[in-house]
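Visitor: Please read through the structure below; I'll follow up with questions.
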Amino acid sequence: MLLSSLTLICGSAEFKSFSMEDHPLPPTYSEVQEKTISPEKAEEAKLKARYPNLGNKPGGSDLLRKRLQKGQKYFDSGDYNMAKAKIKNKQLPTAAPEKTEITGDHIPTPQDLPQRKPSLVASKLAG
Amino acid sequence: RMCPGGDMQWCFSQVKGAIDDDVAEADIISTVEFNHTGELLATGDKGGRVVIFQQEIENKNQPQFRSEYNVYSTFQSHEPEFDYLKSLEIEEKINKIRWLPQKNAAQFLLSTNDKTIKLWKISERDKRPEGYNLKEEDGRYKDPNTITSLRVPVLKPMDLMVEASPRRVFANAHTYHINSVSVNSDNETYLSADDLRINLWHLEITDRSFNIVDIKPANMEELTEVITAAEFHPHQCNTFVYSSSKGTIRLCDMRVSALCDKHSKLFEEPEDPSNRSFFSEIISSISDVKFSHNGRYMMTRDYLSVKIWDLNMENRPVETYQVHEYLRSKLCSLYENDCIFDKFECCWNGNDSVVMTGSYNNFFRMFDRGHRRDVTLEASRENSKPMQVLKPRKVCTGGKRKKDEISVDSLDFNKKILHTAWHPQDNIIAVATTNNLYIFQDKVN
């Protein structure tokens with residue numbers, strides 16, 4: 001940018017042979033940083049672009065607490081009873097749901113969860 | 001039969017499990033472990049089942065012996081539970097199996113799910129008593145009036161029966177999810193570790209356990225790291241290590257104090273702060289820690305690398321091996337599909353000269369420490385002809401893909417090898433894909 005404005009000001013024959021292609025400006029320090037951005041930082045920029053609300057502390061307590069809470073089905077007994085009540089209301093017009101069906105929108109209750117496997121299904125590794 | 005690193009040529013030996021692509025959740029293999037002699041190989045799965053294979057050797061005395069692992073015993077170790085008080089579903093998935101050194105005719109192993117550790121006794125029965133006084137051969141009781149003489153029952157041979165029975169149940173000691181168990185070299189105690197605490201048990205006592213590490217903060221909002229793995233030193237019964245989600249390893253000495261919250265050594269590699277990114281902490285989380293057999297080193301596995309640490313040097317590892325560095329430019333997608341949280345294990349060979357770990361696309365990697373060589377191999381049904389030599393695989397990271405190379409974008413991230421095990425003495429390895437167990441053998445054993 002600087003060189004082209006110099007050319008305008010001087011405009012003399014001395015500068016005519018000097019072209020930007022022959023003598024490009026050396027990259028500035030910040031340009032160097034951008035070009036050699038680490039792949040990790042590039043990936044981070046990608047993620048932040050997709051999820052702008054993502055917090056800055058990834059390994060922090062949110063992530064860890066999610067890990068510690070694995071398996072938690074209900075927040076408390078109130079939550080559990082409300083879920084049970086919802087099921088009761090849902091169940092009235094239709095037939096009783098399959099006892100073995102735990103997936104999908106059927107919220108399991110402790111009574112539904114398999115307490116004991118009725119028959120041992122052998123591992124296929126032993127087949 | 002200790003084999004130097006040398007030129008290993010890995011051949012397919014066996015594969016166990018179903019061929020069909022439709023994998024039932026219960027069949028997902030969650031742990032693989034050889035016993036101390038390598039004669040037995042145990043697997044645990046998500047369905048709470050344990051399968052034990054026993055080695056049968058042909059031409060035992062010849063250098064090029066063939067061995068085969070066949071089913072020895074299988075049993076249901078854990079079942080799903082529901083903790084009503086905490087409203088918590090407890091998976092039956094077997095997180096770890098650890099064998100006890102053999103003391104008598106029976107074999108013992110510890111298997112654990114998220115909450116409960118069990119000691120299983122596996123014993124053989126090849127004789128049975130015959131000639132009871134009060135019972136018929138089929139078990140029915142005789143009419144006492146018909147009994148006129150007395151005889152001593154005799155032990156007669158019978159077809160081998162292998163029985164597994166739970167001898168101890170170590171329950172109710174972990175609030176969080178158990179990630180490790182490790183048997184002490186004293187063969188009397190063992191440790192179990194969950195996300196925030198480590199407990200010490202005596203193998204004979206189930207109603208009591210000592211807490212030896214507790215990193216739970218008073219205020220859970222201040223939680224910054226969790227325990228990811230723990231292991232006892234192979235020879236020093238007072239020493240154990242535990243790794244964290246922040247990439248640190250703490251070595252503790254139980255002689256120093258009853259509660260080992262204060263570490264004796266802290267192993268951490270300094271990080272260049274200018275390289276720090278959103279992913280730094282996540283990929284530095286250690287998924288596995290294993291002492292070398294000689295007890296002088298330990299190996300850690302984080303998302304992208306394997307590091308070997310000299311126990312006498314805390315400030316940096318002595319060796320670092322890149323498992324799949326090409327994934328560094330894929331971290332965004334790997335975070336979105338949760339693969340970045342995959343927990344890969346690692347293992348040493350018998351003489352600590354080679355280390356092995358798994359990767360994606362059913363690839364696994366070996367690093368020969370002495371010869372400074374590494375290789376990528378694949379566990380696949382396509383390379384499963386008897387004694388077929390495995391061809392090294394290569395991932396193309398950019399530019400022109402050569403023939404036989406696979407590009408990073410073609411890797412199947414659902415095919416993960418998280419669990420591998422190396423025979424304690426010989427070059428025989430067990431590699432678990434999602435639901436199959438592959439056994440490979442070095443051509444010249």
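By convention here, the chains of the structure tokens are called A, B, ... in the order presented, each chain's residues are numbered starting at 1, and ligands are numbered starting at 1 in the order presented.
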What are the nearest atom pairs, with distances in Å to one decimal, for all residues of chain B that come at most 7 Å from chain A, using only C-alpha atoms, set out by chain and rising residue number as JSON lines?
Guide:
{"residue": "B:Lys16", "atom": "CA", "partner": "A:Leu125", "partner_atom": "CA", "distance": 5.1}
{"residue": "B:Gly17", "atom": "CA", "partner": "A:Leu125", "partner_atom": "CA", "distance": 4.2}
{"residue": "B:Ala18", "atom": "CA", "partner": "A:Lys124", "partner_atom": "CA", "distance": 5.9}
{"residue": "B:Asp27", "atom": "CA", "partner": "A:Ser123", "partner_atom": "CA", "distance": 6.7}
{"residue": "B:Arg49", "atom": "CA", "partner": "A:Ser123", "partner_atom": "CA", "distance": 6.8}
{"residue": "B:Val51", "atom": "CA", "partner": "A:Ala126", "partner_atom": "CA", "distance": 6.6}
{"residue": "B:Val71", "atom": "CA", "partner": "A:Ala126", "partner_atom": "CA", "distance": 5.9}
{"residue": "B:Glu79", "atom": "CA", "partner": "A:Arg116", "partner_atom": "CA", "distance": 6.9}
{"residue": "B:Pro80", "atom": "CA", "partner": "A:Gln115", "partner_atom": "CA", "distance": 6.8}
{"residue": "B:Glu81", "atom": "CA", "partner": "A:Gln115", "partner_atom": "CA", "distance": 6.5}
{"residue": "B:Phe82", "atom": "CA", "partner": "A:Pro110", "partner_atom": "CA", "distance": 6.7}
{"residue": "B:Ser87", "atom": "CA", "partner": "A:Tyr74", "partner_atom": "CA", "distance": 5.7}
{"residue": "B:Leu88", "atom": "CA", "partner": "A:Gln72", "partner_atom": "CA", "distance": 4.6}
{"residue": "B:Glu89", "atom": "CA", "partner": "A:Gly71", "partner_atom": "CA", "distance": 4.9}
{"residue": "B:Ile90", "atom": "CA", "partner": "A:Gly71", "partner_atom": "CA", "distance": 6.6}
{"residue": "B:Tyr176", "atom": "CA", "partner": "A:Leu68", "partner_atom": "CA", "distance": 6.5}
{"residue": "B:Glu221", "atom": "CA", "partner": "A:Ser61", "partner_atom": "CA", "distance": 6.2}
{"residue": "B:Glu222", "atom": "CA", "partner": "A:Ser61", "partner_atom": "CA", "distance": 6.8}
{"residue": "B:Leu223", "atom": "CA", "partner": "A:Ser61", "partner_atom": "CA", "distance": 5.3}
{"residue": "B:Thr224", "atom": "CA", "partner": "A:Gly60", "partner_atom": "CA", "distance": 5.4}
{"residue": "B:Ser277", "atom": "CA", "partner": "A:Lys41", "partner_atom": "CA", "distance": 5.8}
{"residue": "B:Phe278", "atom": "CA", "partner": "A:Glu44", "partner_atom": "CA", "distance": 6.0}
{"residue": "B:Glu281", "atom": "CA", "partner": "A:Gly59", "partner_atom": "CA", "distance": 5.9}
{"residue": "B:Ile282", "atom": "CA", "partner": "A:Gly59", "partner_atom": "CA", "distance": 6.1}
{"residue": "B:Arg328", "atom": "CA", "partner": "A:Glu40", "partner_atom": "CA", "distance": 5.9}
{"residue": "B:Ser329", "atom": "CA", "partner": "A:Pro39", "partner_atom": "CA", "distance": 4.9}
{"residue": "B:Lys330", "atom": "CA", "partner": "A:Glu43", "partner_atom": "CA", "distance": 6.8}
{"residue": "B:Leu331", "atom": "CA", "partner": "A:Glu43", "partner_atom": "CA", "distance": 6.0}
{"residue": "B:Cys332", "atom": "CA", "partner": "A:Glu43", "partner_atom": "CA", "distance": 5.2}
Visitor: Hey, what's within 12 Å of B:Ile205 if we count only C-alpha atoms and toss same-chain stuff fewer than 5 positions away? As a list of chain:residue names, please?
Guide: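 The contact residues come out as B:Lys118, B:Leu119, B:Arg167, B:Arg168, B:Val169, B:Phe170, B:Ala171, B:Glu188, B:Thr189, B:Tyr190, B:Leu200, B:Phe210.
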Visitor: Name the residues in contact with B:Gly350 at a cut-off of 9 Å, using only C-alpha atoms, excluding same-chain residues fewer than 5 positions from it; report them as JSON, numbers by chain.
Guide: {"B": [2, 3, 292, 293, 422, 423, 424, 425, 426, 427]}
Visitor: Write out, as a PDB file, in the first residue's frame, the residues just selected, with C-alpha atoms.
Guide:
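Writing the result to again-v7.pdb gives the following:
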ATOM      1  CA  MET B   2      11.394 -63.226  25.529  1.00  0.00           C
ATOM      2  CA  CYS B   3      11.573 -61.676  22.121  1.00  0.00           C
ATOM      3  CA  SER B 292       6.343 -50.711  32.650  1.00  0.00           C
ATOM      4  CA  HIS B 293       6.993 -54.290  33.759  1.00  0.00           C
ATOM      5  CA  TRP B 422      -0.087 -57.857  25.072  1.00  0.00           C
ATOM      6  CA  HIS B 423       0.840 -61.336  26.298  1.00  0.00           C
ATOM      7  CA  PRO B 424       3.183 -60.931  29.313  1.00  0.00           C
ATOM      8  CA  GLN B 425       5.987 -62.942  27.721  1.00  0.00           C
ATOM      9  CA  ASP B 426       5.373 -63.699  24.061  1.00  0.00           C
ATOM     10  CA  ASN B 427       4.557 -61.653  21.007  1.00  0.00           C
TER      11      ASN B 427
END
Visitor: Would you compute the distance between atom CA of B:Asp404 and atom CA of B:Glu345? Give it in Å to one decimal.
Guide: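 We find that atom CA of B:Asp404 and atom CA of B:Glu345 lie 27.2 Å from each other.
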Visitor: In Å to one decimal, how far is atom CA of B:Ile283 from atom CA of A:Tyr51?
Guide: 19.3 Å
Visitor: Within 9 Å of stretch 150-155 of chain B, counting only C-alpha atoms, which residues qualify if same-chain residues fewer than 4 places away don't, as a list in words?
Guide: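 Here the answer would be Lys127, Arg128, Pro129, Glu130, Gly131, Tyr132 and Asn133 of chain B.
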Visitor: Using only C-alpha atoms, which protein or nucleic acid residues come within 10 Å of B:Lys216? Drop anything in the same chain fewer than 2 positions from it, and give the result as an NGL selection string.
Guide: :B and (195-197 or 213-214 or 218-220 or 222-226)
Visitor: Show which residues sit within 6 Å of B:Ile29, as a list in words. Count only C-alpha atoms, and ignore same-chain residues fewer than 6 positions away.
Guide: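 The contact residues come out as Gly44, Asp45 and Asn435 of chain B.
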Visitor: List every residue of stretch 45-146 of chain B that DSSP, applied to the backbone of this structure, assigns to strand (DSSP E), and report them as number ranges by chain.
Guide: B: 45, 49-58, 66-76, 81-83, 88-90, 96-99, 107-112, 117-130
Visitor: Run DSSP on the backbone and give me the residues of stretch 117-322 of chain B it puts in helix (DSSP H, G or I), as a PyMOL selection string.
Guide: chain B and resi 144-146+220-222+273-275+280-284
Visitor: Any chance you could export the current selection's N, CA and C atoms as a PDB file, in the first residue's frame?
Guide:
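Final output, saved to out38.pdb:
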ATOM      1  N   PRO B 144     -34.641 -95.040  52.981  1.00  0.00           N
ATOM      2  CA  PRO B 144     -33.675 -95.449  54.018  1.00  0.00           C
ATOM      3  C   PRO B 144     -33.820 -96.912  54.434  1.00  0.00           C
ATOM      4  N   ASN B 145     -34.980 -97.445  54.260  1.00  0.00           N
ATOM      5  CA  ASN B 145     -35.181 -98.843  54.663  1.00  0.00           C
ATOM      6  C   ASN B 145     -34.443 -99.822  53.762  1.00  0.00           C
ATOM      7  N   THR B 146     -34.079 -99.371  52.552  1.00  0.00           N
ATOM      8  CA  THR B 146     -33.407-100.286  51.627  1.00  0.00           C
ATOM      9  C   THR B 146     -31.902-100.289  51.831  1.00  0.00           C
ATOM     10  N   MET B 220     -18.609 -27.881  44.760  1.00  0.00           N
ATOM     11  CA  MET B 220     -18.501 -28.564  43.471  1.00  0.00           C
ATOM     12  C   MET B 220     -18.357 -27.609  42.281  1.00  0.00           C
ATOM     13  N   GLU B 221     -18.719 -26.362  42.499  1.00  0.00           N
ATOM     14  CA  GLU B 221     -18.545 -25.381  41.422  1.00  0.00           C
ATOM     15  C   GLU B 221     -17.071 -25.160  41.132  1.00  0.00           C
ATOM     16  N   GLU B 222     -16.226 -25.488  42.119  1.00  0.00           N
ATOM     17  CA  GLU B 222     -14.792 -25.286  41.941  1.00  0.00           C
ATOM     18  C   GLU B 222     -14.094 -26.497  41.337  1.00  0.00           C
ATOM     19  N   PRO B 273       1.905 -21.594  26.431  1.00  0.00           N
ATOM     20  CA  PRO B 273       0.613 -20.887  26.564  1.00  0.00           C
ATOM     21  C   PRO B 273       0.118 -20.286  25.255  1.00  0.00           C
ATOM     22  N   SER B 274       1.042 -19.981  24.352  1.00  0.00           N
ATOM     23  CA  SER B 274       0.585 -19.394  23.085  1.00  0.00           C
ATOM     24  C   SER B 274      -0.088 -20.437  22.199  1.00  0.00           C
ATOM     25  N   ASN B 275       0.137 -21.733  22.506  1.00  0.00           N
ATOM     26  CA  ASN B 275      -0.490 -22.790  21.708  1.00  0.00           C
ATOM     27  C   ASN B 275      -1.835 -23.212  22.253  1.00  0.00           C
ATOM     28  N   SER B 280      -7.256 -27.738  24.059  1.00  0.00           N
ATOM     29  CA  SER B 280      -6.024 -28.162  24.733  1.00  0.00           C
ATOM     30  C   SER B 280      -6.262 -29.060  25.924  1.00  0.00           C
ATOM     31  N   GLU B 281      -7.142 -28.606  26.821  1.00  0.00           N
ATOM     32  CA  GLU B 281      -7.338 -29.387  28.039  1.00  0.00           C
ATOM     33  C   GLU B 281      -8.004 -30.717  27.743  1.00  0.00           C
ATOM     34  N   ILE B 282      -8.979 -30.703  26.835  1.00  0.00           N
ATOM     35  CA  ILE B 282      -9.694 -31.940  26.530  1.00  0.00           C
ATOM     36  C   ILE B 282      -8.753 -32.995  25.958  1.00  0.00           C
ATOM     37  N   ILE B 283      -7.886 -32.585  25.022  1.00  0.00           N
ATOM     38  CA  ILE B 283      -7.015 -33.591  24.405  1.00  0.00           C
ATOM     39  C   ILE B 283      -5.833 -33.962  25.288  1.00  0.00           C
ATOM     40  N   SER B 284      -5.614 -33.177  26.366  1.00  0.00           N
ATOM     41  CA  SER B 284      -4.517 -33.532  27.274  1.00  0.00           C
ATOM     42  C   SER B 284      -4.997 -34.513  28.344  1.00  0.00           C
TER      43      SER B 284
END
Visitor: What gap, in Å, lies between atom CA of B:His263 and atom CA of B:Val318?
Guide: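 Computed distance, atom CA of B:His263 to atom CA of B:Val318, equals 20.7 Å.
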